[in-house]
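The next block is protein34.cif, given as mmCIF, C-alpha atoms.
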```cif
data_protein
loop_
_atom_site.label_atom_id
_atom_site.label_comp_id
_atom_site.auth_asym_id
_atom_site.auth_seq_id
_atom_site.Cartn_x
_atom_site.Cartn_y
_atom_site.Cartn_z
CA MET A 1 -17.75 25.41 -9.21
CA THR A 2 -18.27 29.15 -8.95
CA ASP A 3 -15.68 29.48 -6.17
CA LEU A 4 -12.95 27.79 -8.18
CA ARG A 5 -10.23 29.77 -9.90
CA GLN A 6 -10.35 29.80 -13.69
CA SER A 7 -7.39 29.37 -16.01
CA PRO A 8 -6.54 32.26 -18.36
CA LEU A 9 -7.46 29.73 -21.08
CA HIS A 10 -10.92 28.97 -19.66
CA ALA A 11 -12.77 30.64 -22.54
CA GLU A 12 -10.71 28.62 -25.04
CA HIS A 13 -11.72 25.40 -23.30
CA GLU A 14 -15.39 26.40 -23.37
CA LYS A 15 -15.16 26.98 -27.13
CA LEU A 16 -13.81 23.46 -27.50
CA GLY A 17 -16.68 21.97 -25.48
CA ALA A 18 -14.53 20.89 -22.55
CA HIS A 19 -15.92 19.05 -19.54
CA PHE A 20 -14.53 20.65 -16.38
CA THR A 21 -13.52 19.31 -12.98
CA ALA A 22 -12.15 20.71 -9.75
CA PHE A 23 -8.40 20.23 -9.38
CA GLY A 24 -7.16 21.75 -6.15
CA PRO A 25 -8.54 25.31 -6.12
CA TRP A 26 -8.87 25.37 -9.93
CA ASN A 27 -11.62 24.58 -12.44
CA MET A 28 -9.75 22.71 -15.18
CA PRO A 29 -10.69 20.72 -18.32
CA LEU A 30 -11.15 17.00 -17.61
CA LYS A 31 -11.60 16.13 -21.29
CA TYR A 32 -12.77 17.67 -24.54
CA GLY A 33 -14.16 14.64 -26.31
CA LYS A 34 -13.15 11.06 -25.63
CA GLU A 35 -10.26 10.78 -23.18
CA LEU A 36 -8.96 7.62 -24.86
CA GLU A 37 -8.58 9.52 -28.13
CA GLU A 38 -6.71 12.29 -26.29
CA HIS A 39 -4.44 9.69 -24.67
CA LYS A 40 -3.79 8.03 -28.05
CA ALA A 41 -3.00 11.37 -29.69
CA VAL A 42 -0.24 12.03 -27.15
CA ARG A 43 1.27 8.59 -27.68
CA GLU A 44 1.10 8.73 -31.49
CA ALA A 45 1.18 12.43 -32.44
CA ALA A 46 0.78 15.22 -29.87
CA GLY A 47 -1.51 16.59 -27.21
CA LEU A 48 -1.96 20.15 -25.96
CA PHE A 49 -2.50 20.63 -22.21
CA ASP A 50 -3.40 23.65 -20.11
CA LEU A 51 -1.21 23.49 -17.00
CA SER A 52 -1.91 27.01 -15.80
CA HIS A 53 -3.01 25.61 -12.46
CA MET A 54 0.63 24.80 -11.66
CA GLY A 55 2.48 27.28 -9.44
CA GLU A 56 5.39 29.53 -10.37
CA VAL A 57 7.67 30.82 -7.61
CA TYR A 58 10.77 32.85 -8.42
CA ILE A 59 13.78 32.88 -6.09
CA GLU A 60 16.39 35.56 -6.74
CA GLY A 61 19.51 36.72 -4.94
CA PRO A 62 23.11 35.76 -4.16
CA ASP A 63 21.96 32.91 -1.87
CA ALA A 64 19.29 31.50 -4.22
CA GLY A 65 21.07 28.18 -4.74
CA LYS A 66 22.02 27.76 -1.09
CA PHE A 67 18.50 28.63 0.00
CA LEU A 68 16.89 26.01 -2.22
CA SER A 69 19.44 23.44 -1.11
CA TYR A 70 18.27 24.10 2.46
CA ALA A 71 14.55 24.27 1.64
CA LEU A 72 14.48 21.17 -0.59
CA ILE A 73 16.00 17.71 -0.29
CA SER A 74 18.28 18.07 -3.35
CA ASN A 75 21.47 20.07 -3.81
CA LEU A 76 20.31 22.90 -6.06
CA ASP A 77 23.43 24.98 -5.49
CA ILE A 78 25.37 22.86 -7.99
CA LEU A 79 22.66 22.89 -10.68
CA LYS A 80 23.93 24.46 -13.90
CA VAL A 81 22.21 27.49 -15.47
CA GLY A 82 19.61 26.28 -17.96
CA LYS A 83 19.12 22.94 -16.23
CA ALA A 84 16.20 21.67 -14.15
CA LYS A 85 15.87 19.23 -11.25
CA TYR A 86 12.99 17.23 -9.82
CA SER A 87 12.94 17.42 -6.02
CA MET A 88 10.74 17.52 -2.93
CA ILE A 89 10.00 19.91 -0.09
CA CYS A 90 9.45 18.17 3.23
CA ALA A 91 8.41 18.92 6.78
CA GLU A 92 10.78 18.47 9.74
CA ASP A 93 9.34 14.99 10.29
CA GLY A 94 10.20 14.06 6.69
CA GLY A 95 6.63 14.08 5.40
CA ILE A 96 6.42 15.20 1.77
CA ILE A 97 4.79 18.63 1.42
CA ASP A 98 5.12 18.60 -2.36
CA ASP A 99 7.16 17.33 -5.27
CA LEU A 100 8.29 20.05 -7.65
CA ILE A 101 10.68 21.07 -10.42
CA SER A 102 13.30 23.82 -10.06
CA TYR A 103 14.77 25.57 -13.10
CA ARG A 104 18.01 27.55 -12.80
CA LEU A 105 17.39 30.52 -15.08
CA GLU A 106 20.47 32.52 -14.10
CA GLU A 107 23.27 32.11 -11.56
CA ASP A 108 21.18 33.95 -8.95
CA LYS A 109 17.67 33.19 -10.22
CA PHE A 110 15.52 30.06 -10.05
CA LEU A 111 11.95 29.23 -11.00
CA VAL A 112 10.24 26.58 -8.85
CA VAL A 113 7.06 24.95 -10.14
CA PRO A 114 4.95 23.33 -7.37
CA ASN A 115 1.70 21.44 -7.84
CA ALA A 116 -1.59 23.30 -8.12
CA GLY A 117 -3.06 22.42 -4.75
CA ASN A 118 0.23 23.00 -2.92
CA ALA A 119 1.49 26.25 -4.48
CA ALA A 120 0.33 28.47 -1.60
CA VAL A 121 1.69 26.09 1.05
CA VAL A 122 5.04 25.82 -0.72
CA PHE A 123 5.36 29.60 -0.92
CA GLU A 124 4.53 29.94 2.78
CA GLU A 125 7.18 27.33 3.61
CA PHE A 126 9.72 29.16 1.46
CA GLU A 127 9.01 32.39 3.32
CA LYS A 128 9.57 30.66 6.67
CA ARG A 129 12.79 29.02 5.49
CA ALA A 130 14.23 32.15 3.84
CA GLU A 131 15.36 33.71 7.13
CA GLY A 132 19.11 34.27 7.06
CA PHE A 133 19.40 33.92 3.28
CA ASP A 134 19.96 36.83 0.90
CA VAL A 135 17.05 36.04 -1.40
CA SER A 136 13.78 37.56 -2.61
CA LEU A 137 10.71 35.43 -3.25
CA THR A 138 7.96 36.16 -5.78
CA ASN A 139 4.79 34.10 -6.10
CA ALA A 140 3.77 34.54 -9.75
CA SER A 141 1.36 31.59 -9.74
CA PHE A 142 -1.65 33.72 -10.72
CA ASP A 143 0.28 35.80 -13.27
CA LYS A 144 1.69 33.02 -15.44
CA ALA A 145 0.14 30.45 -17.73
CA MET A 146 1.67 27.11 -18.67
CA ILE A 147 0.90 25.27 -21.89
CA ALA A 148 2.33 21.81 -22.52
CA ILE A 149 2.72 20.19 -25.91
CA GLN A 150 3.58 16.51 -25.52
CA GLY A 151 4.10 13.64 -27.93
CA PRO A 152 6.40 12.32 -30.66
CA LYS A 153 5.44 15.20 -32.98
CA ALA A 154 5.66 17.92 -30.30
CA ALA A 155 9.02 19.28 -31.42
CA GLU A 156 8.04 19.24 -35.09
CA ILE A 157 4.90 21.30 -34.32
CA LEU A 158 6.46 23.72 -31.85
CA LEU A 159 9.50 24.53 -34.00
CA GLN A 160 7.22 25.88 -36.73
CA LEU A 161 6.29 28.72 -34.36
CA VAL A 162 9.70 29.43 -32.80
CA ALA A 163 11.57 32.53 -33.98
CA GLU A 164 14.34 31.65 -36.39
CA ASP A 165 17.05 32.96 -34.06
CA ASP A 166 15.82 30.68 -31.27
CA ARG A 167 15.00 27.57 -33.31
CA GLU A 168 18.29 25.74 -32.86
CA ALA A 169 18.35 26.40 -29.10
CA VAL A 170 14.82 25.01 -28.68
CA ASP A 171 15.47 22.05 -30.99
CA THR A 172 18.61 21.01 -29.11
CA VAL A 173 17.55 21.81 -25.52
CA GLY A 174 17.95 18.65 -23.45
CA TYR A 175 15.51 16.84 -21.20
CA TYR A 176 15.07 18.63 -17.87
CA ALA A 177 16.46 21.87 -19.26
CA SER A 178 14.95 25.18 -20.36
CA VAL A 179 15.68 28.04 -22.72
CA PRO A 180 14.02 31.44 -23.22
CA ALA A 181 12.58 31.78 -26.72
CA THR A 182 10.06 33.69 -28.81
CA VAL A 183 7.14 31.47 -29.84
CA ASP A 184 4.67 32.98 -32.29
CA GLY A 185 5.87 36.41 -31.19
CA VAL A 186 5.41 35.59 -27.49
CA GLU A 187 8.31 35.62 -25.01
CA ALA A 188 8.26 32.21 -23.35
CA LEU A 189 10.34 30.00 -21.12
CA VAL A 190 10.50 26.76 -23.11
CA CYS A 191 11.08 23.77 -20.80
CA ARG A 192 11.74 20.26 -22.04
CA THR A 193 9.83 18.62 -19.25
CA GLY A 194 6.53 16.80 -19.01
CA TYR A 195 4.29 14.36 -17.20
CA THR A 196 3.31 11.94 -19.95
CA GLY A 197 6.30 9.73 -20.67
CA GLU A 198 6.69 11.33 -24.11
CA ASP A 199 9.03 13.96 -25.48
CA GLY A 200 7.57 17.43 -25.20
CA PHE A 201 7.72 20.96 -23.92
CA GLU A 202 6.10 23.12 -21.27
CA LEU A 203 5.80 26.80 -22.19
CA ILE A 204 5.51 29.40 -19.45
CA VAL A 205 4.09 32.76 -20.60
CA ASP A 206 2.24 35.77 -19.23
CA ASN A 207 -1.49 35.17 -18.78
CA ASP A 208 -2.58 37.64 -21.45
CA LYS A 209 -0.41 35.95 -24.08
CA ALA A 210 -1.73 32.45 -23.43
CA PRO A 211 -5.00 32.42 -25.44
CA GLY A 212 -3.39 33.49 -28.71
CA LEU A 213 -0.52 31.04 -28.29
CA TRP A 214 -2.94 28.20 -27.45
CA GLN A 215 -4.98 28.92 -30.60
CA LYS A 216 -1.88 29.01 -32.80
CA LEU A 217 -0.49 25.75 -31.39
CA LEU A 218 -3.83 24.03 -31.97
CA ALA A 219 -4.06 25.26 -35.55
CA THR A 220 -0.43 24.40 -36.33
CA GLY A 221 -0.66 20.94 -34.80
CA GLU A 222 -4.02 19.90 -36.19
CA PRO A 223 -2.65 18.57 -39.53
CA ALA A 224 -0.19 16.41 -37.56
CA GLY A 225 -2.94 14.90 -35.40
CA LEU A 226 -2.59 17.10 -32.30
CA LEU A 227 -5.59 17.19 -29.99
CA PRO A 228 -6.34 19.26 -26.88
CA ALA A 229 -6.06 16.94 -23.89
CA GLY A 230 -7.49 17.19 -20.39
CA LEU A 231 -6.65 15.95 -16.92
CA ALA A 232 -8.14 12.49 -17.54
CA ALA A 233 -5.63 11.77 -20.32
CA ARG A 234 -2.83 13.36 -18.34
CA ASP A 235 -3.54 10.97 -15.46
CA SER A 236 -3.62 7.82 -17.61
CA LEU A 237 -0.45 8.92 -19.42
CA ARG A 238 1.50 9.60 -16.23
CA LEU A 239 0.31 6.31 -14.73
CA GLU A 240 1.62 4.34 -17.71
CA ALA A 241 4.90 6.24 -17.32
CA GLY A 242 5.06 5.28 -13.62
CA MET A 243 5.10 8.90 -12.46
CA PRO A 244 3.79 9.56 -8.92
CA LEU A 245 0.96 12.00 -8.23
CA TYR A 246 0.87 14.10 -5.10
CA GLY A 247 -2.20 13.18 -3.08
CA ASN A 248 -2.08 9.61 -4.39
CA GLU A 249 1.42 8.12 -4.19
CA LEU A 250 2.97 11.09 -2.40
CA SER A 251 1.74 12.72 0.80
CA ARG A 252 2.72 13.93 4.25
CA GLU A 253 2.34 10.32 5.39
CA ILE A 254 5.52 9.14 3.69
CA THR A 255 9.06 10.49 3.30
CA PRO A 256 11.23 10.68 0.17
CA VAL A 257 12.83 7.40 1.34
CA GLU A 258 9.56 5.54 0.79
CA ALA A 259 9.15 7.42 -2.50
CA GLY A 260 12.50 6.12 -3.75
CA MET A 261 14.14 9.55 -3.58
CA ALA A 262 16.79 8.91 -0.90
CA ARG A 263 19.39 9.26 -3.67
CA ALA A 264 18.55 12.98 -3.83
CA PHE A 265 20.29 13.60 -0.51
CA ALA A 266 22.54 10.53 -0.24
CA LYS A 267 25.70 12.54 -0.95
CA LYS A 268 24.44 15.87 0.34
CA GLU A 269 26.57 17.21 3.18
CA ALA A 270 24.75 20.51 3.75
CA ASP A 271 21.87 20.79 6.19
CA PHE A 272 18.28 20.85 4.92
CA VAL A 273 14.85 20.80 6.48
CA GLY A 274 14.03 17.30 7.72
CA ALA A 275 17.61 16.06 7.16
CA GLU A 276 18.01 14.28 10.50
CA THR A 277 14.77 12.35 10.18
CA MET A 278 15.29 11.42 6.54
CA ARG A 279 18.89 10.31 6.97
CA ALA A 280 17.84 8.09 9.86
CA ARG A 281 14.98 6.66 7.79
CA ALA A 282 17.34 6.00 4.89
CA GLU A 283 19.71 4.20 7.25
CA GLU A 284 17.00 1.91 8.64
CA GLY A 285 15.26 1.47 5.27
CA PRO A 286 11.72 2.27 4.14
CA LYS A 287 8.70 0.63 5.75
CA VAL A 288 6.69 0.87 2.51
CA ALA A 289 7.66 1.32 -1.13
CA ILE A 290 5.92 2.68 -4.22
CA THR A 291 5.39 -0.45 -6.31
CA GLY A 292 4.02 -1.26 -9.76
CA LEU A 293 1.32 -3.90 -10.34
CA THR A 294 -0.10 -5.40 -13.54
CA SER A 295 -2.69 -8.06 -14.34
CA ASP A 296 -3.62 -10.35 -17.24
CA GLN A 297 -7.32 -10.16 -16.41
CA ARG A 298 -9.50 -7.19 -17.37
CA ARG A 299 -10.64 -5.82 -14.00
CA ALA A 300 -8.66 -2.71 -13.02
CA ALA A 301 -7.67 -1.86 -9.47
CA ARG A 302 -8.52 1.64 -8.28
CA ALA A 303 -7.14 3.91 -5.59
CA GLY A 304 -7.99 2.50 -2.18
CA SER A 305 -8.08 -1.15 -3.25
CA GLU A 306 -6.28 -3.38 -0.76
CA VAL A 307 -3.42 -5.67 -1.78
CA TYR A 308 -3.04 -9.15 -0.26
CA VAL A 309 -0.63 -12.04 -0.14
CA GLY A 310 -2.76 -14.91 1.08
CA ASP A 311 -4.80 -13.56 3.99
CA THR A 312 -2.26 -10.86 4.85
CA LYS A 313 -2.86 -7.31 3.71
CA VAL A 314 0.45 -5.97 2.38
CA GLY A 315 -0.51 -2.65 0.87
CA THR A 316 -2.99 -0.29 -0.76
CA VAL A 317 -3.41 0.80 -4.36
CA THR A 318 -2.86 4.53 -4.85
CA SER A 319 -3.56 4.78 -8.61
CA GLY A 320 -4.92 2.30 -11.11
CA GLN A 321 -6.84 1.87 -14.36
CA PRO A 322 -6.78 -0.06 -17.62
CA SER A 323 -3.77 1.02 -19.70
CA PRO A 324 -5.01 2.39 -23.05
CA THR A 325 -1.61 1.80 -24.63
CA LEU A 326 -0.77 -1.62 -23.20
CA GLY A 327 -4.26 -3.11 -23.14
CA TYR A 328 -4.21 -4.47 -19.58
CA PRO A 329 -4.68 -3.07 -16.06
CA VAL A 330 -1.80 -1.25 -14.39
CA ALA A 331 -1.62 0.13 -10.87
CA ILE A 332 0.71 1.77 -8.39
CA ALA A 333 0.53 0.74 -4.74
CA LEU A 334 2.22 1.44 -1.45
CA ILE A 335 3.47 -2.00 -0.40
CA ASP A 336 4.97 -3.04 2.93
CA THR A 337 8.66 -3.81 2.43
CA SER A 338 8.36 -6.54 5.07
CA ALA A 339 6.42 -8.56 2.48
CA ASN A 340 9.67 -8.92 0.47
CA LEU A 341 7.89 -8.88 -2.88
CA ALA A 342 10.23 -9.07 -5.87
CA GLU A 343 9.32 -8.32 -9.47
CA GLY A 344 6.98 -11.02 -10.73
CA ALA A 345 5.63 -11.84 -7.26
CA GLU A 346 1.95 -12.74 -7.27
CA VAL A 347 -0.54 -10.80 -5.16
CA GLU A 348 -4.29 -10.33 -5.04
CA VAL A 349 -6.15 -7.03 -5.12
CA ASP A 350 -9.57 -6.66 -3.51
CA ILE A 351 -11.82 -4.90 -6.01
CA ARG A 352 -15.32 -4.33 -4.67
CA GLY A 353 -15.20 -7.36 -2.41
CA LYS A 354 -13.68 -9.81 -4.86
CA ARG A 355 -9.98 -10.59 -5.21
CA TYR A 356 -8.21 -10.51 -8.56
CA PRO A 357 -4.70 -11.69 -9.46
CA PHE A 358 -1.93 -9.12 -10.06
CA LYS A 359 1.83 -9.30 -10.28
CA VAL A 360 4.53 -6.96 -9.05
CA ALA A 361 5.97 -5.18 -12.11
CA ALA A 362 8.81 -2.82 -12.87
CA MET A 363 8.00 0.81 -13.65
CA PRO A 364 7.58 2.59 -15.92
CA PHE A 365 4.97 0.34 -17.46
CA TYR A 366 5.42 2.18 -20.75
CA SER A 367 8.59 3.69 -22.22
CA ARG A 368 8.65 5.68 -25.45
CA LYS A 369 10.79 4.66 -28.39
CA ARG A 370 13.86 6.90 -28.62
#
```

Write-out of the structure in structure tokens:
Amino acid sequence: MTDLRQSPLHAEHEKLGAHFTAFGPWNMPLKYGKELEEHKAVREAAGLFDLSHMGEVYIEGPDAGKFLSYALISNLDILKVGKAKYSMICAEDGGIIDDLISYRLEEDKFLVVPNAGNAAVVFEEFEKRAEGFDVSLTNASFDKAMIAIQGPKAAEILLQLVAEDDREAVDTVGYYASVPATVDGVEALVCRTGYTGEDGFELIVDNDKAPGLWQKLLATGEPAGLLPAGLAARDSLRLEAGMPLYGNELSREITPVEAGMARAFAKKEADFVGAETMRARAEEGPKVAITGLTSDQRRAARAGSEVYVGDTKVGTVTSGQPSPTLGYPVAIALIDTSANLAEGAEVEVDIRGKRYPFKVAAMPFYSRKR
């Protein structure tokens, strides 16, 4: 893995005995100890994640909102300062290039966070689409670190380190919103977002400030049961929460209509890249749909497993594993809409040559207590 990029927290992970894995162009911690313990810590207390592989692209200028409304499928021009929006960037044919979150930091300034493996592609697409807009683009993906603290005790732990003047703003910041704050003496953008199905925060800081902040968060959270958590736990947590992963559920092969995101542009009058194709697809309806599956038996479906109704193949599993929280297998699949499968419908999944019973289930599979 010598050619992979290292996180600014790599040395911290080595100290903790992390097992590493390639994730896009990055070498990131897969787990530190037992991934099931890391998963459980997030559900019951808190987990600390290094998300420095995620991209950070700043868009500034009088046309920042209009530009993003053209470049993405959602209307970012009406987003209020301090708020965030989940959206997608698509090709002209409607294929999903990436799913991402945009934060409106100021009236004329946004931060867009694309996925690790797509950050360079997203920035290149932004540069192409910026013609005619009064905006400047800055790719800060290699200059910023992102640390996430997620779980029911996340706020309790984080607030101990927030400057007194900023404590109320951080404590009351809503879901999918952000606020600048000083955390353990470090200037951070504190975002109430996450990918686990739990309450939590994502902190964006300069690279050189990340190691000290990581150490302090670990030490502060340890008495409350916080554990460092790797990509394995992050994947099982997001699966339970029914959150799609680019490269699994999302790809260039489907459009936002198949991903259940047609609502993002349903009332949008302004033009955007891929609008004609996506509006036509929305009108005719999706050919496949992202669908949840569960089973009472113990064998878990994995990505690539085929889904059947009788002898007819109706779809393919994109993510699946035993749910540590629920105690039974859960999976997400791309299912043909022509199969007309309602919630509770019975299907079979081919797992290594043998078929096992599953049922269509609503997502998320797990929802936190509020």

**Report entry** Shortest interatomic distance to Lys40 in chain A - which of A:Ala289, A:Ala163, A:Leu68, A:Leu227, counting all atoms listed in the file
**Finding:**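 Closest to Lys40 in chain A of all the choices is A:Leu227.
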
Report task. Go through A:Arg299, A:Arg5, A:Arg104, A:Arg43 and flag the residue nearest Pro152 in chain A, using only C-alpha atoms for the distances. Result ->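 Going through A:Arg299, A:Arg5, A:Arg104, A:Arg43 one by one, the smallest distance to Pro152 in chain A is for A:Arg43.
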
**Report entry** Contacts of range 139-144 of chain A within 6 Å, all atoms listed in the file, excl. fewer than 6 positions in-chain, as a list in words
**Finding:**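 Everything that qualifies: Gly55, Glu56, Val57, Val205, Asp206 and Asn207 of chain A.
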
Got a sec: who's within 6 Å of range 78-82 of chain A, counting only C-alpha atoms, leaving out chain neighbours fewer than 2 positions off, as a short mmCIF file (atom, residue, chain, number, x, y, z; two decimals) with C-alpha atoms, in the frame of the given file?
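Listing of around12.cif after writing:
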```cif
data_model
loop_
_atom_site.label_atom_id
_atom_site.label_comp_id
_atom_site.auth_asym_id
_atom_site.auth_seq_id
_atom_site.Cartn_x
_atom_site.Cartn_y
_atom_site.Cartn_z
CA LEU A 76 20.31 22.90 -6.06
CA ARG A 104 18.01 27.55 -12.80
CA LEU A 105 17.39 30.52 -15.08
CA GLU A 106 20.47 32.52 -14.10
CA ALA A 177 16.46 21.87 -19.26
CA SER A 178 14.95 25.18 -20.36
#
```

Requested in this report: Could you check how far CA of Gly95 in chain A sits from CA of Val314 in chain A, in Å to one decimal?
Outcome: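 Separation of CA of Gly95 in chain A and CA of Val314 in chain A: 21.2 Å.
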
Query raised in the report: Do you know which residues the PyMOL selection byres ((chain A and resi 35) around 8) returns on this file, as number ranges by chain?
Result: A: 31-34, 36-39, 229-230, 232-233
